[in-house]
Amino acid sequence: MHEAEAVAANRANWNDRADVHTRSEMYDVEGFLADPADISSVVRNDLSVLAEHLPESGIRDRSLLHLQCHIGTDTISWARLGAADVHGLDLSPNSLRHAARIAKADGRDITWVEGDARFASTLLDRRFDTIVTSAGTIVWLPELADWARSIHDLLEPSGVFLIRDDHPILGAMAFEPWDITDDYLGGGGARTYEDSGTYTADSAGQITHTTNHEWRHDLGEIAGALLRAGLVIEAFHELPYMDWPAFPDLVPCPQGWTLPPEAPRIPLNFAIVARRPT
């Protein structure tokens, strides 16, 4: 399948997911709106990595772009923390429709941009102090060179970028430790599968556009793309927790989900903080 067709199929799939996710217990949109002080667990985990790379004032009054923002609860969380001139970008127009509705209900003035994160710099004629992306994002991008260049071009000089995402070793294990069943290294082409559900509970059969295309990106590819784009990597972490219960062995922890103490210690998330030089 041609890359453009694969991306279009993913867009249709995520348009379906947006409806499922906005009514799911996992996202709990009503609860999120009912508590103006609530910050999503994803953003709390992101901030725990990013905080030491921010000024004393933290994220407050810093312009922020959230790439692959989906239905916007994480984007709104950044605004609740005090980020200024917040933008959210996503491939799915239906996701952005829900994001705009949720933001309006929260009284937030957020700019929503439809488009492919790889080409974000062609869609926005401005720069940001902070760019973030996390929790299940880059596996949906066919390549990372354009993505990294867009991030570089959209950052202010000395601006900071954070990615925190599922560790690519989990993809190689098909999220079913402990056997390697798929590529770890990138460059092997798309992984295509059918799934009528999503990662929220009781969602089987609710997705109409069931075809998914994912691309493997190993840590060397991710870091290398950012370096080649001219960014300086300030921190790299392999983390023992993740945001969703990707497989049955996981147990709850303050950050979300982790392996039980008796299990072999493997990374579940990774995080990279990079900065555009002045």
# chains A, B, ... in the order shown; residues from 1 in each chain; ligands from 1
$ residues_around --residues "Ser158 of chain A" --least-positions-apart "3" --cutoff "8 Å" --atoms "only C-alpha atoms" --output "PyMOL selection string"
chain A and resi 129+155+275-278
$ select_by_dssp --residues "segment 34-199 of chain A" --states "alpha helix (DSSP H)" --output "JSON, numbers by chain"
{"A": [34, 41, 42, 43, 44, 45, 46, 47, 48, 49, 50, 73, 74, 75, 76, 77, 78, 79, 80, 93, 94, 95, 96, 97, 98, 99, 100, 101, 102, 103, 104, 105, 145, 146, 147, 148, 149, 150, 151, 152, 153, 154, 168, 169, 170, 171, 172]}
$ write_last_selection --atoms "N, CA and C atoms" --output "short mmCIF file (atom, residue, chain, number, x, y, z; two decimals), in the first residue's frame"
data_model
loop_
_atom_site.label_atom_id
_atom_site.label_comp_id
_atom_site.auth_asym_id
_atom_site.auth_seq_id
_atom_site.Cartn_x
_atom_site.Cartn_y
_atom_site.Cartn_z
N ALA A 34 -15.32 18.45 35.10
CA ALA A 34 -15.92 18.78 36.39
C ALA A 34 -14.90 19.27 37.41
N SER A 41 -2.96 12.24 33.73
CA SER A 41 -1.79 11.48 34.20
C SER A 41 -0.67 11.52 33.17
N VAL A 42 -1.03 11.57 31.88
CA VAL A 42 -0.02 11.67 30.82
C VAL A 42 0.81 12.93 31.01
N VAL A 43 0.16 14.06 31.21
CA VAL A 43 0.87 15.32 31.36
C VAL A 43 1.65 15.37 32.67
N ARG A 44 1.11 14.79 33.73
CA ARG A 44 1.88 14.72 34.98
C ARG A 44 3.19 13.96 34.76
N ASN A 45 3.12 12.85 34.02
CA ASN A 45 4.33 12.08 33.74
C ASN A 45 5.28 12.85 32.82
N ASP A 46 4.71 13.53 31.82
CA ASP A 46 5.55 14.34 30.94
C ASP A 46 6.28 15.42 31.73
N LEU A 47 5.55 16.11 32.59
CA LEU A 47 6.13 17.22 33.33
C LEU A 47 7.21 16.75 34.30
N SER A 48 7.06 15.53 34.82
CA SER A 48 8.09 15.01 35.73
C SER A 48 9.43 14.86 35.03
N VAL A 49 9.42 14.64 33.72
CA VAL A 49 10.65 14.56 32.94
C VAL A 49 11.10 15.94 32.50
N LEU A 50 10.16 16.78 32.09
CA LEU A 50 10.48 18.06 31.47
C LEU A 50 10.86 19.14 32.47
N THR A 73 -7.45 16.45 25.79
CA THR A 73 -7.43 16.54 27.25
C THR A 73 -6.02 16.80 27.78
N ASP A 74 -5.01 16.25 27.12
CA ASP A 74 -3.63 16.54 27.54
C ASP A 74 -3.26 17.97 27.18
N THR A 75 -3.67 18.43 26.01
CA THR A 75 -3.41 19.81 25.59
C THR A 75 -4.02 20.79 26.58
N ILE A 76 -5.26 20.54 26.96
CA ILE A 76 -5.95 21.39 27.92
C ILE A 76 -5.25 21.33 29.28
N SER A 77 -4.70 20.16 29.62
CA SER A 77 -3.97 20.05 30.88
C SER A 77 -2.76 20.97 30.90
N TRP A 78 -2.05 21.07 29.77
CA TRP A 78 -0.92 22.00 29.70
C TRP A 78 -1.41 23.44 29.89
N ALA A 79 -2.55 23.77 29.31
CA ALA A 79 -3.10 25.11 29.50
C ALA A 79 -3.48 25.34 30.96
N ARG A 80 -4.03 24.32 31.60
CA ARG A 80 -4.38 24.44 33.01
C ARG A 80 -3.14 24.67 33.88
N PRO A 93 -9.53 15.10 11.90
CA PRO A 93 -10.44 16.23 12.10
C PRO A 93 -11.52 15.95 13.15
N ASN A 94 -11.94 14.70 13.28
CA ASN A 94 -12.95 14.39 14.28
C ASN A 94 -12.37 14.51 15.69
N SER A 95 -11.11 14.11 15.86
CA SER A 95 -10.44 14.31 17.15
C SER A 95 -10.42 15.78 17.51
N LEU A 96 -10.09 16.62 16.54
CA LEU A 96 -10.01 18.06 16.79
C LEU A 96 -11.38 18.66 17.05
N ARG A 97 -12.42 18.10 16.42
CA ARG A 97 -13.78 18.57 16.70
C ARG A 97 -14.12 18.35 18.17
N HIS A 98 -13.79 17.15 18.66
CA HIS A 98 -14.03 16.88 20.08
C HIS A 98 -13.14 17.76 20.96
N ALA A 99 -11.88 17.94 20.56
CA ALA A 99 -10.95 18.77 21.35
C ALA A 99 -11.48 20.19 21.49
N ALA A 100 -11.97 20.75 20.39
CA ALA A 100 -12.49 22.11 20.42
C ALA A 100 -13.70 22.21 21.35
N ARG A 101 -14.56 21.20 21.30
CA ARG A 101 -15.75 21.19 22.17
C ARG A 101 -15.35 21.12 23.64
N ILE A 102 -14.39 20.25 23.96
CA ILE A 102 -13.95 20.08 25.35
C ILE A 102 -13.27 21.35 25.84
N ALA A 103 -12.44 21.94 24.99
CA ALA A 103 -11.75 23.18 25.38
C ALA A 103 -12.74 24.31 25.62
N LYS A 104 -13.74 24.41 24.77
CA LYS A 104 -14.75 25.45 24.96
C LYS A 104 -15.48 25.26 26.28
N ALA A 105 -15.82 24.01 26.59
CA ALA A 105 -16.50 23.72 27.85
C ALA A 105 -15.61 24.06 29.05
N ALA A 145 12.44 11.95 9.77
CA ALA A 145 13.31 13.04 9.36
C ALA A 145 12.54 14.35 9.22
N ASP A 146 11.41 14.32 8.52
CA ASP A 146 10.59 15.54 8.37
C ASP A 146 10.02 15.98 9.71
N TRP A 147 9.62 15.02 10.51
CA TRP A 147 9.10 15.30 11.86
C TRP A 147 10.12 16.07 12.68
N ALA A 148 11.35 15.59 12.71
CA ALA A 148 12.39 16.24 13.51
C ALA A 148 12.71 17.63 12.97
N ARG A 149 12.76 17.78 11.65
CA ARG A 149 13.03 19.10 11.06
C ARG A 149 11.92 20.08 11.39
N SER A 150 10.67 19.62 11.37
CA SER A 150 9.56 20.49 11.73
C SER A 150 9.69 20.95 13.18
N ILE A 151 10.05 20.04 14.06
CA ILE A 151 10.20 20.40 15.47
C ILE A 151 11.30 21.45 15.63
N HIS A 152 12.43 21.23 14.98
CA HIS A 152 13.51 22.22 15.04
C HIS A 152 13.03 23.58 14.54
N ASP A 153 12.36 23.60 13.40
CA ASP A 153 11.97 24.86 12.79
C ASP A 153 10.87 25.57 13.59
N LEU A 154 10.08 24.83 14.33
CA LEU A 154 8.98 25.42 15.10
C LEU A 154 9.40 25.88 16.50
N PRO A 168 10.19 1.25 22.26
CA PRO A 168 10.05 0.43 21.04
C PRO A 168 10.30 -1.06 21.25
N ILE A 169 10.95 -1.45 22.34
CA ILE A 169 11.15 -2.88 22.57
C ILE A 169 9.80 -3.57 22.77
N LEU A 170 8.79 -2.85 23.28
CA LEU A 170 7.47 -3.46 23.48
C LEU A 170 6.82 -3.80 22.15
N GLY A 171 7.03 -2.96 21.14
CA GLY A 171 6.51 -3.27 19.81
C GLY A 171 7.15 -4.53 19.25
N ALA A 172 8.45 -4.69 19.51
CA ALA A 172 9.14 -5.90 19.04
C ALA A 172 8.58 -7.15 19.70
#
$ residues_around --residues "Tyr184 of chain A" --least-positions-apart "3" --cutoff "12 Å" --atoms "only C-alpha atoms" --output "list of chain:residue names"
A:His167, A:Pro168, A:Ile169, A:Leu170, A:Gly171, A:Ala172, A:Met173, A:Ala174, A:Ile180, A:Thr181, A:Gly187, A:Gly188, A:Gly189, A:Trp215, A:Arg216, A:His217, A:Asp218, A:Leu219, A:Gly220, A:Glu221
$ residues_around --residues "Ile207 of chain A" --least-positions-apart "3" --cutoff "7 Å" --atoms "only C-alpha atoms" --output "short mmCIF file (atom, residue, chain, number, x, y, z; two decimals) with C-alpha atoms, in the first residue's frame"
data_model
loop_
_atom_site.label_atom_id
_atom_site.label_comp_id
_atom_site.auth_asym_id
_atom_site.auth_seq_id
_atom_site.Cartn_x
_atom_site.Cartn_y
_atom_site.Cartn_z
CA ASP A 16 -13.61 6.52 14.71
CA ARG A 17 -11.49 6.24 17.84
CA SER A 196 -12.38 -3.24 15.57
CA GLY A 197 -11.52 -1.94 19.05
CA THR A 210 -10.53 -1.23 11.27
#
$ closest_residue --among "A:Leu227, A:His209, A:Val86, A:Ile131" --to "Leu144 of chain A" --atoms "only C-alpha atoms"
A:Leu227
$ residues_around --residues "His87 of chain A" --least-positions-apart "5" --cutoff "7 Å" --atoms "only C-alpha atoms" --output "count of residues only"
6
$ residues_around --residues "segment 2-14 of chain A" --least-positions-apart "3" --cutoff "12 Å" --atoms "only C-alpha atoms" --output "PDB file with N, CA and C atoms, in the first residue's frame"
ATOM      1  N   ARG A  17     -11.948   6.348  16.451  1.00  0.00           N
ATOM      2  CA  ARG A  17     -11.489   6.245  17.844  1.00  0.00           C
ATOM      3  C   ARG A  17     -11.909   7.465  18.664  1.00  0.00           C
ATOM      4  N   ALA A  18     -11.889   8.635  18.038  1.00  0.00           N
ATOM      5  CA  ALA A  18     -12.222   9.852  18.781  1.00  0.00           C
ATOM      6  C   ALA A  18     -13.609   9.759  19.409  1.00  0.00           C
ATOM      7  N   ASP A  19     -14.580   9.230  18.671  1.00  0.00           N
ATOM      8  CA  ASP A  19     -15.933   9.073  19.227  1.00  0.00           C
ATOM      9  C   ASP A  19     -15.931   8.087  20.383  1.00  0.00           C
ATOM     10  N   VAL A  20     -15.215   6.977  20.211  1.00  0.00           N
ATOM     11  CA  VAL A  20     -15.153   5.957  21.265  1.00  0.00           C
ATOM     12  C   VAL A  20     -14.468   6.515  22.506  1.00  0.00           C
ATOM     13  N   HIS A  21     -13.370   7.218  22.309  1.00  0.00           N
ATOM     14  CA  HIS A  21     -12.566   7.686  23.444  1.00  0.00           C
ATOM     15  C   HIS A  21     -13.266   8.783  24.238  1.00  0.00           C
ATOM     16  N   THR A  22     -14.016   9.659  23.573  1.00  0.00           N
ATOM     17  CA  THR A  22     -14.661  10.744  24.312  1.00  0.00           C
ATOM     18  C   THR A  22     -15.758  10.229  25.239  1.00  0.00           C
ATOM     19  N   GLN A  68       0.199  15.689  17.754  1.00  0.00           N
ATOM     20  CA  GLN A  68      -0.636  14.484  17.843  1.00  0.00           C
ATOM     21  C   GLN A  68      -1.467  14.519  19.135  1.00  0.00           C
ATOM     22  N   CYS A  69      -2.283  15.566  19.218  1.00  0.00           N
ATOM     23  CA  CYS A  69      -2.970  15.907  20.463  1.00  0.00           C
ATOM     24  C   CYS A  69      -4.240  15.112  20.704  1.00  0.00           C
ATOM     25  N   HIS A  70      -4.758  14.407  19.694  1.00  0.00           N
ATOM     26  CA  HIS A  70      -5.979  13.604  19.800  1.00  0.00           C
ATOM     27  C   HIS A  70      -7.143  14.468  20.300  1.00  0.00           C
ATOM     28  N   ILE A  71      -7.882  14.058  21.322  1.00  0.00           N
ATOM     29  CA  ILE A  71      -9.096  14.777  21.711  1.00  0.00           C
ATOM     30  C   ILE A  71      -8.817  15.934  22.677  1.00  0.00           C
ATOM     31  N   ASP A  90      -3.284  17.686  15.156  1.00  0.00           N
ATOM     32  CA  ASP A  90      -3.601  16.275  14.994  1.00  0.00           C
ATOM     33  C   ASP A  90      -4.047  15.996  13.564  1.00  0.00           C
ATOM     34  N   LEU A  91      -3.837  14.744  13.142  1.00  0.00           N
ATOM     35  CA  LEU A  91      -4.209  14.317  11.793  1.00  0.00           C
ATOM     36  C   LEU A  91      -5.722  14.160  11.631  1.00  0.00           C
ATOM     37  N   SER A  92      -6.415  13.881  12.726  1.00  0.00           N
ATOM     38  CA  SER A  92      -7.833  13.507  12.687  1.00  0.00           C
ATOM     39  C   SER A  92      -8.745  14.705  12.910  1.00  0.00           C
ATOM     40  N   PRO A  93      -9.531  15.100  11.902  1.00  0.00           N
ATOM     41  CA  PRO A  93     -10.440  16.229  12.103  1.00  0.00           C
ATOM     42  C   PRO A  93     -11.519  15.946  13.147  1.00  0.00           C
ATOM     43  N   ASN A  94     -11.942  14.699  13.275  1.00  0.00           N
ATOM     44  CA  ASN A  94     -12.950  14.392  14.279  1.00  0.00           C
ATOM     45  C   ASN A  94     -12.373  14.507  15.687  1.00  0.00           C
ATOM     46  N   SER A  95     -11.106  14.107  15.864  1.00  0.00           N
ATOM     47  CA  SER A  95     -10.445  14.305  17.152  1.00  0.00           C
ATOM     48  C   SER A  95     -10.419  15.783  17.508  1.00  0.00           C
ATOM     49  N   LEU A  96     -10.085  16.620  16.539  1.00  0.00           N
ATOM     50  CA  LEU A  96     -10.006  18.055  16.791  1.00  0.00           C
ATOM     51  C   LEU A  96     -11.379  18.660  17.053  1.00  0.00           C
ATOM     52  N   GLU A 114      -5.221  21.041  12.037  1.00  0.00           N
ATOM     53  CA  GLU A 114      -5.333  19.719  11.419  1.00  0.00           C
ATOM     54  C   GLU A 114      -4.141  19.490  10.496  1.00  0.00           C
ATOM     55  N   GLY A 115      -3.484  18.345  10.667  1.00  0.00           N
ATOM     56  CA  GLY A 115      -2.388  18.043   9.762  1.00  0.00           C
ATOM     57  C   GLY A 115      -1.481  16.953  10.289  1.00  0.00           C
ATOM     58  N   ASP A 116      -0.566  16.541   9.438  1.00  0.00           N
ATOM     59  CA  ASP A 116       0.421  15.507   9.709  1.00  0.00           C
ATOM     60  C   ASP A 116       1.559  16.121  10.517  1.00  0.00           C
ATOM     61  N   ALA A 117       1.890  15.516  11.656  1.00  0.00           N
ATOM     62  CA  ALA A 117       2.935  16.063  12.524  1.00  0.00           C
ATOM     63  C   ALA A 117       4.281  16.167  11.822  1.00  0.00           C
ATOM     64  N   ARG A 118       4.497  15.339  10.804  1.00  0.00           N
ATOM     65  CA  ARG A 118       5.772  15.408  10.085  1.00  0.00           C
ATOM     66  C   ARG A 118       5.951  16.751   9.386  1.00  0.00           C
ATOM     67  N   THR A 137       2.466   7.994  19.986  1.00  0.00           N
ATOM     68  CA  THR A 137       2.403   8.947  18.880  1.00  0.00           C
ATOM     69  C   THR A 137       3.206   8.527  17.654  1.00  0.00           C
ATOM     70  N   VAL A 139       4.635   5.975  16.450  1.00  0.00           N
ATOM     71  CA  VAL A 139       4.413   4.714  15.732  1.00  0.00           C
ATOM     72  C   VAL A 139       3.492   4.921  14.532  1.00  0.00           C
ATOM     73  N   TRP A 140       2.730   6.021  14.533  1.00  0.00           N
ATOM     74  CA  TRP A 140       1.802   6.318  13.442  1.00  0.00           C
ATOM     75  C   TRP A 140       2.450   7.150  12.333  1.00  0.00           C
ATOM     76  N   LEU A 141       3.719   7.475  12.469  1.00  0.00           N
ATOM     77  CA  LEU A 141       4.431   8.274  11.462  1.00  0.00           C
ATOM     78  C   LEU A 141       5.323   7.373  10.621  1.00  0.00           C
ATOM     79  N   PRO A 142       5.232   7.452   9.299  1.00  0.00           N
ATOM     80  CA  PRO A 142       6.053   6.585   8.450  1.00  0.00           C
ATOM     81  C   PRO A 142       7.551   6.840   8.565  1.00  0.00           C
ATOM     82  N   GLU A 143       7.954   8.098   8.800  1.00  0.00           N
ATOM     83  CA  GLU A 143       9.380   8.420   8.920  1.00  0.00           C
ATOM     84  C   GLU A 143       9.531   9.616   9.854  1.00  0.00           C
ATOM     85  N   GLY A 189       9.353  -1.158   7.045  1.00  0.00           N
ATOM     86  CA  GLY A 189       8.050  -0.925   6.430  1.00  0.00           C
ATOM     87  C   GLY A 189       6.918  -0.944   7.432  1.00  0.00           C
ATOM     88  N   ALA A 190       5.724  -0.776   6.920  1.00  0.00           N
ATOM     89  CA  ALA A 190       4.542  -0.677   7.777  1.00  0.00           C
ATOM     90  C   ALA A 190       4.147  -2.036   8.324  1.00  0.00           C
ATOM     91  N   ARG A 191       3.591  -2.018   9.540  1.00  0.00           N
ATOM     92  CA  ARG A 191       2.932  -3.181  10.122  1.00  0.00           C
ATOM     93  C   ARG A 191       1.437  -2.928  10.021  1.00  0.00           C
ATOM     94  N   THR A 192       0.727  -3.766   9.268  1.00  0.00           N
ATOM     95  CA  THR A 192      -0.694  -3.549   9.007  1.00  0.00           C
ATOM     96  C   THR A 192      -1.506  -4.629   9.708  1.00  0.00           C
ATOM     97  N   TYR A 193      -2.568  -4.202  10.386  1.00  0.00           N
ATOM     98  CA  TYR A 193      -3.424  -5.171  11.088  1.00  0.00           C
ATOM     99  C   TYR A 193      -4.839  -4.614  11.162  1.00  0.00           C
ATOM    100  N   GLU A 194      -5.781  -5.501  11.449  1.00  0.00           N
ATOM    101  CA  GLU A 194      -7.189  -5.128  11.591  1.00  0.00           C
ATOM    102  C   GLU A 194      -7.580  -5.193  13.066  1.00  0.00           C
ATOM    103  N   ASP A 195      -8.314  -4.206  13.534  1.00  0.00           N
ATOM    104  CA  ASP A 195      -8.754  -4.186  14.919  1.00  0.00           C
ATOM    105  C   ASP A 195     -10.020  -3.350  15.012  1.00  0.00           C
ATOM    106  N   SER A 196     -11.115  -3.959  15.463  1.00  0.00           N
ATOM    107  CA  SER A 196     -12.384  -3.244  15.571  1.00  0.00           C
ATOM    108  C   SER A 196     -12.535  -2.539  16.913  1.00  0.00           C
ATOM    109  N   GLY A 197     -11.497  -2.613  17.758  1.00  0.00           N
ATOM    110  CA  GLY A 197     -11.522  -1.941  19.052  1.00  0.00           C
ATOM    111  C   GLY A 197     -10.353  -0.988  19.182  1.00  0.00           C
ATOM    112  N   THR A 198     -10.175  -0.464  20.391  1.00  0.00           N
ATOM    113  CA  THR A 198      -9.072   0.438  20.676  1.00  0.00           C
ATOM    114  C   THR A 198      -8.568   0.118  22.074  1.00  0.00           C
ATOM    115  N   TYR A 199      -7.724   0.975  22.642  1.00  0.00           N
ATOM    116  CA  TYR A 199      -7.101   0.655  23.928  1.00  0.00           C
ATOM    117  C   TYR A 199      -7.983   0.998  25.117  1.00  0.00           C
ATOM    118  N   GLN A 206     -16.512  -1.352  18.054  1.00  0.00           N
ATOM    119  CA  GLN A 206     -16.991   0.026  17.927  1.00  0.00           C
ATOM    120  C   GLN A 206     -16.270   0.821  16.837  1.00  0.00           C
ATOM    121  N   ILE A 207     -15.204   0.267  16.279  1.00  0.00           N
ATOM    122  CA  ILE A 207     -14.439   0.964  15.244  1.00  0.00           C
ATOM    123  C   ILE A 207     -14.892   0.468  13.874  1.00  0.00           C
ATOM    124  N   THR A 208     -15.301   1.382  13.019  1.00  0.00           N
ATOM    125  CA  THR A 208     -15.753   1.028  11.667  1.00  0.00           C
ATOM    126  C   THR A 208     -14.573   0.860  10.721  1.00  0.00           C
ATOM    127  N   HIS A 209     -13.635   1.789  10.755  1.00  0.00           N
ATOM    128  CA  HIS A 209     -12.440   1.738   9.893  1.00  0.00           C
ATOM    129  C   HIS A 209     -11.356   0.977  10.647  1.00  0.00           C
ATOM    130  N   THR A 210     -11.287  -0.319  10.399  1.00  0.00           N
ATOM    131  CA  THR A 210     -10.529  -1.230  11.266  1.00  0.00           C
ATOM    132  C   THR A 210      -9.066  -1.392  10.892  1.00  0.00           C
ATOM    133  N   THR A 211      -8.636  -0.868   9.741  1.00  0.00           N
ATOM    134  CA  THR A 211      -7.264  -1.075   9.284  1.00  0.00           C
ATOM    135  C   THR A 211      -6.325  -0.088   9.963  1.00  0.00           C
ATOM    136  N   ASN A 212      -5.231  -0.621  10.531  1.00  0.00           N
ATOM    137  CA  ASN A 212      -4.206   0.182  11.187  1.00  0.00           C
ATOM    138  C   ASN A 212      -2.869  -0.060  10.514  1.00  0.00           C
ATOM    139  N   HIS A 213      -2.079   1.008  10.373  1.00  0.00           N
ATOM    140  CA  HIS A 213      -0.717   0.900   9.852  1.00  0.00           C
ATOM    141  C   HIS A 213       0.220   1.556  10.865  1.00  0.00           C
ATOM    142  N   GLU A 214       1.200   0.798  11.334  1.00  0.00           N
ATOM    143  CA  GLU A 214       2.184   1.326  12.271  1.00  0.00           C
ATOM    144  C   GLU A 214       3.577   1.133  11.699  1.00  0.00           C
ATOM    145  N   TRP A 215       4.494   2.002  12.138  1.00  0.00           N
ATOM    146  CA  TRP A 215       5.888   1.925  11.702  1.00  0.00           C
ATOM    147  C   TRP A 215       6.791   1.861  12.924  1.00  0.00           C
TER     148      TRP A 215
END
$ atom_distance --atom1 "atom CA of Asn269 of chain A" --atom2 "atom CA of Leu54 of chain A"
21.2 Å
$ closest_residue --among "A:Leu67, A:Glu234, A:Leu81, A:Glu25" --to "Leu124 of chain A" --atoms "only C-alpha atoms"
A:Leu67
$ select_by_dssp --residues "segment 57-213 of chain A" --states "strand (DSSP E)" --output "MDAnalysis selection string"
chainID A and resid 63:67 84:90 111:114 128:134 155:166 190:194 211:213
$ write_last_selection --atoms "N, CA and C atoms" --output "CSV table (one decimal), in the first residue's frame"
chain,number,residue,atom,x,y,z
A,63,SER,N,4.8,29.6,25.5
A,63,SER,CA,4.0,29.1,24.4
A,63,SER,C,4.3,27.6,24.2
A,64,LEU,N,3.2,26.9,23.8
A,64,LEU,CA,3.3,25.4,23.7
A,64,LEU,C,2.6,24.9,22.5
A,65,LEU,N,3.2,23.9,21.8
A,65,LEU,CA,2.6,23.2,20.8
A,65,LEU,C,2.6,21.7,21.2
A,66,HIS,N,1.4,21.1,21.1
A,66,HIS,CA,1.2,19.7,21.4
A,66,HIS,C,1.0,18.9,20.1
A,67,LEU,N,1.9,18.1,19.7
A,67,LEU,CA,1.8,17.4,18.5
A,67,LEU,C,1.1,16.1,18.7
A,84,ALA,N,1.0,29.2,27.8
A,84,ALA,CA,0.3,30.3,27.1
A,84,ALA,C,0.3,30.0,25.6
A,85,ASP,N,-0.7,30.6,24.9
A,85,ASP,CA,-0.8,30.5,23.5
A,85,ASP,C,-0.7,29.0,23.0
A,86,VAL,N,-1.5,28.2,23.6
A,86,VAL,CA,-1.4,26.7,23.4
A,86,VAL,C,-2.0,26.3,22.1
A,87,HIS,N,-1.3,25.5,21.3
A,87,HIS,CA,-1.8,24.9,20.1
A,87,HIS,C,-1.7,23.4,20.2
A,88,GLY,N,-2.7,22.8,19.6
A,88,GLY,CA,-2.8,21.3,19.5
A,88,GLY,C,-2.9,20.9,18.0
A,89,LEU,N,-2.1,20.0,17.5
A,89,LEU,CA,-2.1,19.6,16.1
A,89,LEU,C,-2.4,18.1,16.1
A,90,ASP,N,-3.3,17.7,15.2
A,90,ASP,CA,-3.6,16.3,15.0
A,90,ASP,C,-4.0,16.0,13.6
A,111,THR,N,-5.7,26.9,20.1
A,111,THR,CA,-5.8,26.9,18.6
A,111,THR,C,-5.5,25.4,18.2
A,112,TRP,N,-6.5,24.9,17.4
A,112,TRP,CA,-6.4,23.5,16.9
A,112,TRP,C,-6.0,23.5,15.4
A,113,VAL,N,-5.1,22.7,15.1
A,113,VAL,CA,-4.5,22.6,13.7
A,113,VAL,C,-4.6,21.2,13.2
A,114,GLU,N,-5.2,21.0,12.0
A,114,GLU,CA,-5.3,19.7,11.4
A,114,GLU,C,-4.1,19.5,10.5
A,128,PHE,N,7.6,28.3,18.9
A,128,PHE,CA,7.1,28.0,20.3
A,128,PHE,C,8.2,27.8,21.2
A,129,ASP,N,8.0,28.2,22.5
A,129,ASP,CA,9.0,27.9,23.6
A,129,ASP,C,9.1,26.4,23.9
A,130,THR,N,8.0,25.7,23.8
A,130,THR,CA,7.9,24.3,24.2
A,130,THR,C,7.1,23.5,23.2
A,131,ILE,N,7.6,22.3,22.8
A,131,ILE,CA,6.8,21.4,22.0
A,131,ILE,C,6.8,20.1,22.7
A,132,VAL,N,5.7,19.4,22.7
A,132,VAL,CA,5.6,18.1,23.4
A,132,VAL,C,4.8,17.1,22.5
A,133,THR,N,5.2,15.9,22.7
A,133,THR,CA,4.4,14.8,22.1
A,133,THR,C,4.6,13.5,23.0
A,134,SER,N,3.5,12.8,23.2
A,134,SER,CA,3.8,11.6,24.1
A,134,SER,C,2.6,10.6,24.0
A,155,LEU,N,10.6,25.5,16.9
A,155,LEU,CA,11.1,25.9,18.2
A,155,LEU,C,11.7,27.3,18.2
A,156,GLU,N,11.5,28.1,19.2
A,156,GLU,CA,12.3,29.3,19.4
A,156,GLU,C,13.7,28.9,19.7
A,157,PRO,N,14.7,29.7,19.4
A,157,PRO,CA,16.1,29.5,19.8
A,157,PRO,C,16.0,29.3,21.4
A,158,SER,N,16.7,28.2,21.8
A,158,SER,CA,16.7,27.8,23.2
A,158,SER,C,15.4,27.1,23.6
A,159,GLY,N,14.4,27.0,22.7
A,159,GLY,CA,13.2,26.3,23.0
A,159,GLY,C,13.4,24.8,23.2
A,160,VAL,N,12.5,24.2,24.0
A,160,VAL,CA,12.7,22.8,24.4
A,160,VAL,C,11.6,21.9,23.9
A,161,PHE,N,12.0,20.6,23.5
A,161,PHE,CA,11.1,19.6,23.0
A,161,PHE,C,11.2,18.4,23.9
A,162,LEU,N,10.0,17.8,24.1
A,162,LEU,CA,9.9,16.5,24.9
A,162,LEU,C,9.1,15.5,24.1
A,163,ILE,N,9.7,14.3,24.0
A,163,ILE,CA,8.9,13.2,23.6
A,163,ILE,C,9.0,12.1,24.7
A,164,ARG,N,7.9,11.6,25.1
A,164,ARG,CA,7.8,10.4,26.0
A,164,ARG,C,6.8,9.5,25.4
A,165,ASP,N,7.2,8.2,25.2
A,165,ASP,CA,6.4,7.3,24.4
A,165,ASP,C,6.7,5.9,24.8
A,166,ASP,N,5.8,5.0,24.3
A,166,ASP,CA,6.1,3.6,24.6
A,166,ASP,C,7.4,3.2,24.1
A,190,ALA,N,5.7,-0.8,6.9
A,190,ALA,CA,4.5,-0.7,7.8
A,190,ALA,C,4.1,-2.0,8.3
A,191,ARG,N,3.6,-2.0,9.5
A,191,ARG,CA,2.9,-3.2,10.1
A,191,ARG,C,1.4,-2.9,10.0
A,192,THR,N,0.7,-3.8,9.3
A,192,THR,CA,-0.7,-3.5,9.0
A,192,THR,C,-1.5,-4.6,9.7
A,193,TYR,N,-2.6,-4.2,10.4
A,193,TYR,CA,-3.4,-5.2,11.1
A,193,TYR,C,-4.8,-4.6,11.2
A,194,GLU,N,-5.8,-5.5,11.4
A,194,GLU,CA,-7.2,-5.1,11.6
A,194,GLU,C,-7.6,-5.2,13.1
A,211,THR,N,-8.6,-0.9,9.7
A,211,THR,CA,-7.3,-1.1,9.3
A,211,THR,C,-6.3,-0.1,10.0
A,212,ASN,N,-5.2,-0.6,10.5
A,212,ASN,CA,-4.2,0.2,11.2
A,212,ASN,C,-2.9,-0.1,10.5
A,213,HIS,N,-2.1,1.0,10.4
A,213,HIS,CA,-0.7,0.9,9.9
A,213,HIS,C,0.2,1.6,10.9
$ residues_around --residues "segment 244-259 of chain A" --least-positions-apart "4" --cutoff "8 Å" --atoms "only C-alpha atoms" --output "number ranges by chain"
A: 41, 45, 175-176, 240, 263, 265, 268
$ atom_distance --atom1 "atom CA of Ala83 of chain A" --atom2 "atom CA of Asp109 of chain A"
11.4 Å
$ atom_distance --atom1 "atom CA of Leu226 of chain A" --atom2 "atom CA of Ala274 of chain A"
7.7 Å
